[in-house]
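What follows is the content of target_30.pdb (PDB, C-alpha atoms, pLDDT in the B column).
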ATOM      1  CA  MET A 164      49.975 153.813  63.189  1.00 43.00           C
ATOM      2  CA  THR A 165      47.884 153.379  66.298  1.00 44.00           C
ATOM      3  CA  ALA A 166      46.857 150.382  68.331  1.00 48.00           C
ATOM      4  CA  MET A 167      43.225 149.489  67.830  1.00 41.00           C
ATOM      5  CA  PRO A 168      40.921 146.530  68.294  1.00 41.00           C
ATOM      6  CA  ALA A 169      40.192 144.543  65.143  1.00 40.00           C
ATOM      7  CA  PRO A 170      38.958 141.021  64.416  1.00 38.00           C
ATOM      8  CA  VAL A 171      41.571 138.308  63.912  1.00 40.00           C
ATOM      9  CA  ARG A 172      40.663 134.733  62.901  1.00 44.00           C
ATOM     10  CA  GLY A 173      37.144 134.919  64.235  1.00 43.00           C
ATOM     11  CA  SER A 174      38.009 136.225  67.697  1.00 50.00           C
ATOM     12  CA  GLN A 175      38.266 139.698  69.162  1.00 59.00           C
ATOM     13  CA  PRO A 176      41.838 140.597  70.168  1.00 65.00           C
ATOM     14  CA  THR A 177      42.400 142.874  73.092  1.00 83.00           C
ATOM     15  CA  TYR A 178      45.304 144.602  71.318  1.00 93.00           C
ATOM     16  CA  ARG A 179      46.539 145.013  67.764  1.00 94.00           C
ATOM     17  CA  GLU A 180      49.338 147.189  66.369  1.00 95.00           C
ATOM     18  CA  ARG A 181      51.422 147.275  63.213  1.00 94.00           C
ATOM     19  CA  LEU A 182      55.012 148.414  63.773  1.00 94.00           C
ATOM     20  CA  ALA A 183      55.107 150.376  60.533  1.00 91.00           C
ATOM     21  CA  PRO A 184      58.110 152.598  59.858  1.00 90.00           C
ATOM     22  CA  SER A 185      57.955 156.277  60.694  1.00 86.00           C
ATOM     23  CA  LEU A 186      56.876 158.848  58.131  1.00 87.00           C
ATOM     24  CA  TRP A 187      60.476 160.092  57.820  1.00 87.00           C
ATOM     25  CA  LEU A 188      61.730 156.618  56.901  1.00 86.00           C
ATOM     26  CA  ILE A 189      59.008 156.272  54.278  1.00 87.00           C
ATOM     27  CA  VAL A 190      59.841 159.704  52.833  1.00 88.00           C
ATOM     28  CA  GLY A 191      63.523 158.757  52.897  1.00 86.00           C
ATOM     29  CA  ALA A 192      62.752 155.553  51.010  1.00 84.00           C
ATOM     30  CA  GLY A 193      61.097 157.704  48.343  1.00 82.00           C
ATOM     31  CA  VAL A 194      64.585 158.953  47.458  1.00 86.00           C
ATOM     32  CA  VAL A 195      65.064 155.777  45.441  1.00 86.00           C
ATOM     33  CA  ALA A 196      62.703 157.207  42.797  1.00 86.00           C
ATOM     34  CA  PRO A 197      65.054 159.893  41.460  1.00 89.00           C
ATOM     35  CA  MET A 198      68.056 157.593  41.804  1.00 89.00           C
ATOM     36  CA  SER A 199      66.450 154.807  39.782  1.00 89.00           C
ATOM     37  CA  THR A 200      65.151 157.378  37.287  1.00 91.00           C
ATOM     38  CA  LEU A 201      68.690 158.614  36.675  1.00 91.00           C
ATOM     39  CA  VAL A 202      69.893 155.083  35.976  1.00 89.00           C
ATOM     40  CA  PHE A 203      67.443 154.644  33.088  1.00 90.00           C
ATOM     41  CA  VAL A 204      67.311 158.219  31.722  1.00 90.00           C
ATOM     42  CA  GLY A 205      69.636 157.231  28.873  1.00 89.00           C
ATOM     43  CA  VAL A 206      67.111 154.682  27.628  1.00 90.00           C
ATOM     44  CA  SER A 207      64.065 156.944  27.562  1.00 91.00           C
ATOM     45  CA  PRO A 208      62.890 159.824  29.774  1.00 91.00           C
ATOM     46  CA  VAL A 209      59.315 158.489  29.972  1.00 93.00           C
ATOM     47  CA  PHE A 210      60.523 154.945  30.685  1.00 93.00           C
ATOM     48  CA  SER A 211      62.930 156.205  33.365  1.00 93.00           C
ATOM     49  CA  LEU A 212      60.155 158.172  35.130  1.00 92.00           C
ATOM     50  CA  ALA A 213      57.882 155.125  35.065  1.00 93.00           C
ATOM     51  CA  ILE A 214      60.644 152.921  36.493  1.00 93.00           C
ATOM     52  CA  GLY A 215      61.443 155.501  39.186  1.00 92.00           C
ATOM     53  CA  LEU A 216      57.822 155.746  40.241  1.00 92.00           C
ATOM     54  CA  ALA A 217      57.371 151.953  40.249  1.00 93.00           C
ATOM     55  CA  VAL A 218      60.509 151.411  42.338  1.00 92.00           C
ATOM     56  CA  ALA A 219      59.463 154.062  44.880  1.00 91.00           C
ATOM     57  CA  VAL A 220      55.966 152.581  45.221  1.00 91.00           C
ATOM     58  CA  ALA A 221      57.403 149.060  45.579  1.00 93.00           C
ATOM     59  CA  VAL A 222      59.895 150.093  48.282  1.00 92.00           C
ATOM     60  CA  VAL A 223      57.278 151.993  50.321  1.00 91.00           C
ATOM     61  CA  ALA A 224      54.758 149.147  49.932  1.00 92.00           C
ATOM     62  CA  CYS A 225      57.348 146.639  51.162  1.00 92.00           C
ATOM     63  CA  LEU A 226      58.257 148.808  54.158  1.00 91.00           C
ATOM     64  CA  ILE A 227      54.625 149.048  55.217  1.00 91.00           C
ATOM     65  CA  GLY A 228      53.446 145.597  54.165  1.00 92.00           C
ATOM     66  CA  LEU A 229      56.306 143.701  55.793  1.00 93.00           C
ATOM     67  CA  ALA A 230      56.105 145.590  59.098  1.00 94.00           C
ATOM     68  CA  PRO A 231      55.574 143.176  61.999  1.00 95.00           C
ATOM     69  CA  ARG A 232      52.302 143.125  63.938  1.00 95.00           C
ATOM     70  CA  LEU A 233      51.625 142.859  67.645  1.00 96.00           C
ATOM     71  CA  VAL A 234      48.420 141.051  68.587  1.00 96.00           C
ATOM     72  CA  VAL A 235      47.099 139.900  71.939  1.00 95.00           C
ATOM     73  CA  ASP A 236      44.361 137.474  70.950  1.00 91.00           C
ATOM     74  CA  GLY A 237      42.609 135.383  73.589  1.00 87.00           C
ATOM     75  CA  THR A 238      45.484 133.736  75.447  1.00 90.00           C
ATOM     76  CA  THR A 239      48.195 134.277  72.826  1.00 94.00           C
ATOM     77  CA  LEU A 240      50.709 137.079  72.357  1.00 96.00           C
ATOM     78  CA  ARG A 241      51.879 137.376  68.765  1.00 96.00           C
ATOM     79  CA  ALA A 242      54.833 139.607  67.938  1.00 95.00           C
ATOM     80  CA  GLY A 243      55.852 139.363  64.314  1.00 94.00           C
ATOM     81  CA  ARG A 244      56.104 135.660  63.459  1.00 93.00           C
ATOM     82  CA  ALA A 245      56.622 134.581  67.068  1.00 94.00           C
ATOM     83  CA  HIS A 246      53.827 133.654  69.443  1.00 95.00           C
ATOM     84  CA  ILE A 247      53.553 132.485  73.038  1.00 95.00           C
ATOM     85  CA  ASP A 248      50.765 131.586  75.427  1.00 94.00           C
ATOM     86  CA  VAL A 249      50.305 134.446  77.920  1.00 94.00           C
ATOM     87  CA  GLY A 250      50.019 131.885  80.732  1.00 93.00           C
ATOM     88  CA  LEU A 251      53.758 131.270  80.326  1.00 94.00           C
ATOM     89  CA  LEU A 252      54.600 134.954  80.804  1.00 95.00           C
ATOM     90  CA  GLY A 253      55.245 137.015  83.900  1.00 94.00           C
ATOM     91  CA  GLU A 254      54.066 140.549  84.601  1.00 96.00           C
ATOM     92  CA  PRO A 255      54.630 142.866  81.607  1.00 96.00           C
ATOM     93  CA  ILE A 256      56.709 145.982  82.267  1.00 96.00           C
ATOM     94  CA  PRO A 257      55.904 149.020  80.070  1.00 97.00           C
ATOM     95  CA  LEU A 258      58.850 151.382  79.549  1.00 96.00           C
ATOM     96  CA  THR A 259      59.344 154.739  77.839  1.00 95.00           C
ATOM     97  CA  GLY A 260      62.111 157.320  77.567  1.00 95.00           C
ATOM     98  CA  ASP A 261      65.443 156.528  79.225  1.00 96.00           C
ATOM     99  CA  GLU A 262      64.112 153.288  80.740  1.00 96.00           C
ATOM    100  CA  ALA A 263      63.073 152.031  77.295  1.00 95.00           C
ATOM    101  CA  ARG A 264      66.433 153.063  75.846  1.00 95.00           C
ATOM    102  CA  ALA A 265      68.207 151.064  78.569  1.00 95.00           C
ATOM    103  CA  ALA A 266      65.910 148.056  78.007  1.00 94.00           C
ATOM    104  CA  ARG A 267      66.817 148.089  74.302  1.00 93.00           C
ATOM    105  CA  GLY A 268      70.516 148.447  75.066  1.00 92.00           C
ATOM    106  CA  GLN A 269      72.512 147.841  78.229  1.00 94.00           C
ATOM    107  CA  ASP A 270      69.682 146.078  80.113  1.00 92.00           C
ATOM    108  CA  LEU A 271      68.685 143.819  77.214  1.00 91.00           C
ATOM    109  CA  ALA A 272      68.326 140.237  78.458  1.00 85.00           C
ATOM    110  CA  ALA A 273      71.102 138.054  77.023  1.00 88.00           C
ATOM    111  CA  GLY A 274      68.803 135.051  76.664  1.00 89.00           C
ATOM    112  CA  GLY A 275      65.815 137.119  75.600  1.00 92.00           C
ATOM    113  CA  TRP A 276      63.787 137.357  72.425  1.00 95.00           C
ATOM    114  CA  VAL A 277      63.496 140.830  70.889  1.00 96.00           C
ATOM    115  CA  LEU A 278      61.313 142.650  68.395  1.00 96.00           C
ATOM    116  CA  ILE A 279      62.789 146.136  68.284  1.00 94.00           C
ATOM    117  CA  ARG A 280      61.989 148.745  65.658  1.00 92.00           C
ATOM    118  CA  GLY A 281      63.881 151.998  65.254  1.00 86.00           C
ATOM    119  CA  GLY A 282      61.831 155.152  65.634  1.00 86.00           C
ATOM    120  CA  ILE A 283      59.485 153.533  68.165  1.00 92.00           C
ATOM    121  CA  ASP A 284      60.313 154.749  71.662  1.00 93.00           C
ATOM    122  CA  GLY A 285      58.156 152.524  73.859  1.00 95.00           C
ATOM    123  CA  VAL A 286      59.093 149.017  74.954  1.00 97.00           C
ATOM    124  CA  VAL A 287      57.353 146.277  76.905  1.00 97.00           C
ATOM    125  CA  VAL A 288      59.517 143.693  78.646  1.00 96.00           C
ATOM    126  CA  VAL A 289      57.725 140.460  79.540  1.00 96.00           C
ATOM    127  CA  PRO A 290      59.551 137.761  81.546  1.00 95.00           C
ATOM    128  CA  VAL A 291      59.062 134.161  80.388  1.00 95.00           C
ATOM    129  CA  ASN A 292      58.180 131.830  83.293  1.00 94.00           C
ATOM    130  CA  ASP A 293      58.328 128.561  81.342  1.00 91.00           C
ATOM    131  CA  PRO A 294      61.186 126.409  82.752  1.00 91.00           C
ATOM    132  CA  ASP A 295      61.401 124.492  79.447  1.00 92.00           C
ATOM    133  CA  ASP A 296      61.887 127.673  77.398  1.00 91.00           C
ATOM    134  CA  PRO A 297      65.492 128.901  77.073  1.00 93.00           C
ATOM    135  CA  THR A 298      64.170 132.418  76.418  1.00 94.00           C
ATOM    136  CA  THR A 299      64.239 134.517  79.583  1.00 93.00           C
ATOM    137  CA  ALA A 300      62.125 137.485  78.424  1.00 95.00           C
ATOM    138  CA  TRP A 301      60.476 139.145  75.447  1.00 96.00           C
ATOM    139  CA  THR A 302      61.416 142.746  74.679  1.00 96.00           C
ATOM    140  CA  ILE A 303      58.906 144.279  72.284  1.00 97.00           C
ATOM    141  CA  SER A 304      58.825 147.753  70.708  1.00 96.00           C
ATOM    142  CA  THR A 305      55.412 149.424  70.790  1.00 96.00           C
ATOM    143  CA  ARG A 306      54.007 152.909  70.379  1.00 95.00           C
ATOM    144  CA  THR A 307      51.602 152.312  73.293  1.00 95.00           C
ATOM    145  CA  PRO A 308      53.478 150.338  75.980  1.00 96.00           C
ATOM    146  CA  GLU A 309      50.843 150.888  78.682  1.00 96.00           C
ATOM    147  CA  ARG A 310      48.051 149.539  76.468  1.00 96.00           C
ATOM    148  CA  LEU A 311      50.073 146.503  75.417  1.00 96.00           C
ATOM    149  CA  ALA A 312      51.030 145.712  79.022  1.00 95.00           C
ATOM    150  CA  VAL A 313      47.401 146.039  80.173  1.00 94.00           C
ATOM    151  CA  SER A 314      46.238 143.822  77.295  1.00 94.00           C
ATOM    152  CA  ILE A 315      48.768 141.118  78.174  1.00 95.00           C
ATOM    153  CA  ALA A 316      47.790 141.287  81.855  1.00 93.00           C
ATOM    154  CA  PHE A 317      44.086 141.125  80.918  1.00 92.00           C
ATOM    155  CA  ALA A 318      44.712 138.081  78.703  1.00 92.00           C
ATOM    156  CA  GLN A 319      46.680 136.450  81.534  1.00 91.00           C
ATOM    157  CA  ARG A 320      43.718 136.877  83.903  1.00 86.00           C
ATOM    158  CA  GLY A 321      41.485 135.320  81.242  1.00 77.00           C
ATOM    159  CA  ALA A 322      43.934 132.416  80.804  1.00 62.00           C
ATOM    160  CA  VAL A 323      43.915 131.738  84.552  1.00 60.00           C
ATOM    161  CA  ALA A 324      40.119 131.796  84.658  1.00 56.00           C
ATOM    162  CA  ARG A 325      39.819 129.105  81.929  1.00 55.00           C
TER     163      ARG A 325
END
Translate this file's structure into structure tokens.
Amino acid sequence: MTAMPAPVRGSQPTYRERLAPSLWLIVGAGVVAPMSTLVFVGVSPVFSLAIGLAVAVAVVACLIGLAPRLVVDGTTLRAGRAHIDVGLLGEPIPLTGDEARAARGQDLAAGGWVLIRGGIDGVVVVPVNDPDDPTTAWTISTRTPERLAVSIAFAQRGAVAR
């Protein structure tokens, strides 16, 4: 899945991405079809195939439909169910490769908020500058860390101008 502009609630976001699972995870989830078919084969072969197909479709639909979204919309960063005004954030830091791996592991902020998805290499770390917020930083998985960081920075400039 790629990041692309799309309308959200009547405004034009500068960034939008769905953190859908990788193709290999979706194919792997399809393995539930033969397993569930085998459970019901004693009842009826046709019924068991229908159940297997329905279970596989339901699992794949849930994996894709419940995947969190990243949206930078006006002056708000939304990551999954969480949201924060970009004016309360510091400079976003896009990371890939070994730096991203460290940010998701040993360098992960103890008081930080995270939205990490396996199979997505890129990460953006955004410090929280709000003294009333106990969260120190947001660590967010993304397939396009540079674009997300630029979108957050662009929204921050717009928030300052208002």
### Query
Looking at A:Ala183, A:Leu216, A:Leu233, A:Leu251, which one is nearest to Asp295 in chain A, with distances taken over all atoms listed in the file?
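Going through A:Ala183, A:Leu216, A:Leu233, A:Leu251 one by one, the smallest distance to Asp295 in chain A is for A:Leu251.
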With the PyMOL selection byres ((chain A and resi 226) around 12) as the selection, what would be picked from this file? Answer as a PDB file with C-alpha atoms, keeping the file's coordinate frame, please.
ATOM      1  CA  ARG A 181      51.422 147.275  63.213  1.00 94.00           C
ATOM      2  CA  LEU A 182      55.012 148.414  63.773  1.00 94.00           C
ATOM      3  CA  ALA A 183      55.107 150.376  60.533  1.00 91.00           C
ATOM      4  CA  PRO A 184      58.110 152.598  59.858  1.00 90.00           C
ATOM      5  CA  SER A 185      57.955 156.277  60.694  1.00 86.00           C
ATOM      6  CA  LEU A 186      56.876 158.848  58.131  1.00 87.00           C
ATOM      7  CA  LEU A 188      61.730 156.618  56.901  1.00 86.00           C
ATOM      8  CA  ILE A 189      59.008 156.272  54.278  1.00 87.00           C
ATOM      9  CA  VAL A 190      59.841 159.704  52.833  1.00 88.00           C
ATOM     10  CA  GLY A 191      63.523 158.757  52.897  1.00 86.00           C
ATOM     11  CA  ALA A 192      62.752 155.553  51.010  1.00 84.00           C
ATOM     12  CA  GLY A 193      61.097 157.704  48.343  1.00 82.00           C
ATOM     13  CA  ALA A 219      59.463 154.062  44.880  1.00 91.00           C
ATOM     14  CA  VAL A 220      55.966 152.581  45.221  1.00 91.00           C
ATOM     15  CA  ALA A 221      57.403 149.060  45.579  1.00 93.00           C
ATOM     16  CA  VAL A 222      59.895 150.093  48.282  1.00 92.00           C
ATOM     17  CA  VAL A 223      57.278 151.993  50.321  1.00 91.00           C
ATOM     18  CA  ALA A 224      54.758 149.147  49.932  1.00 92.00           C
ATOM     19  CA  CYS A 225      57.348 146.639  51.162  1.00 92.00           C
ATOM     20  CA  ILE A 227      54.625 149.048  55.217  1.00 91.00           C
ATOM     21  CA  GLY A 228      53.446 145.597  54.165  1.00 92.00           C
ATOM     22  CA  LEU A 229      56.306 143.701  55.793  1.00 93.00           C
ATOM     23  CA  ALA A 230      56.105 145.590  59.098  1.00 94.00           C
ATOM     24  CA  PRO A 231      55.574 143.176  61.999  1.00 95.00           C
TER      25      PRO A 231
END
### Task
Go through A:Ala312, A:Leu271, A:Val289, A:Val204 one by one, measure the shortest atom-to-atom distance of each to Ile247 in chain A using only C-alpha atoms, and give the residue with the smallest value.
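Closest candidate: A:Val289.
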### Query
Gly275 in chain A: which residues within 6 Å, counting all atoms listed in the file, same-chain residues fewer than 2 positions away excluded, as a list of chain:residue names?
A:Ala272, A:Ala273, A:Thr298, A:Thr299, A:Ala300, A:Trp301
Export of the given selection (C-alpha atoms) as a tab-separated table (two decimals), in the coordinates of the input:
chain	number	residue	atom	x	y	z
A	272	ALA	CA	68.33	140.24	78.46
A	273	ALA	CA	71.10	138.05	77.02
A	298	THR	CA	64.17	132.42	76.42
A	299	THR	CA	64.24	134.52	79.58
A	300	ALA	CA	62.12	137.49	78.42
A	301	TRP	CA	60.48	139.15	75.45
### Task
Using CA of Gly260 in chain A and CA of Val286 in chain A as the two end points, give the distance in Å to one decimal.
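CA of Gly260 in chain A sits 9.2 Å away from CA of Val286 in chain A.
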### Task
Please provide the set of residues having any atom within 6 Å of Val288 in chain A, restricted to only C-alpha atoms, with same-chain residues fewer than 6 positions apart removed, written as number ranges by chain.
A: 255-256, 301-302
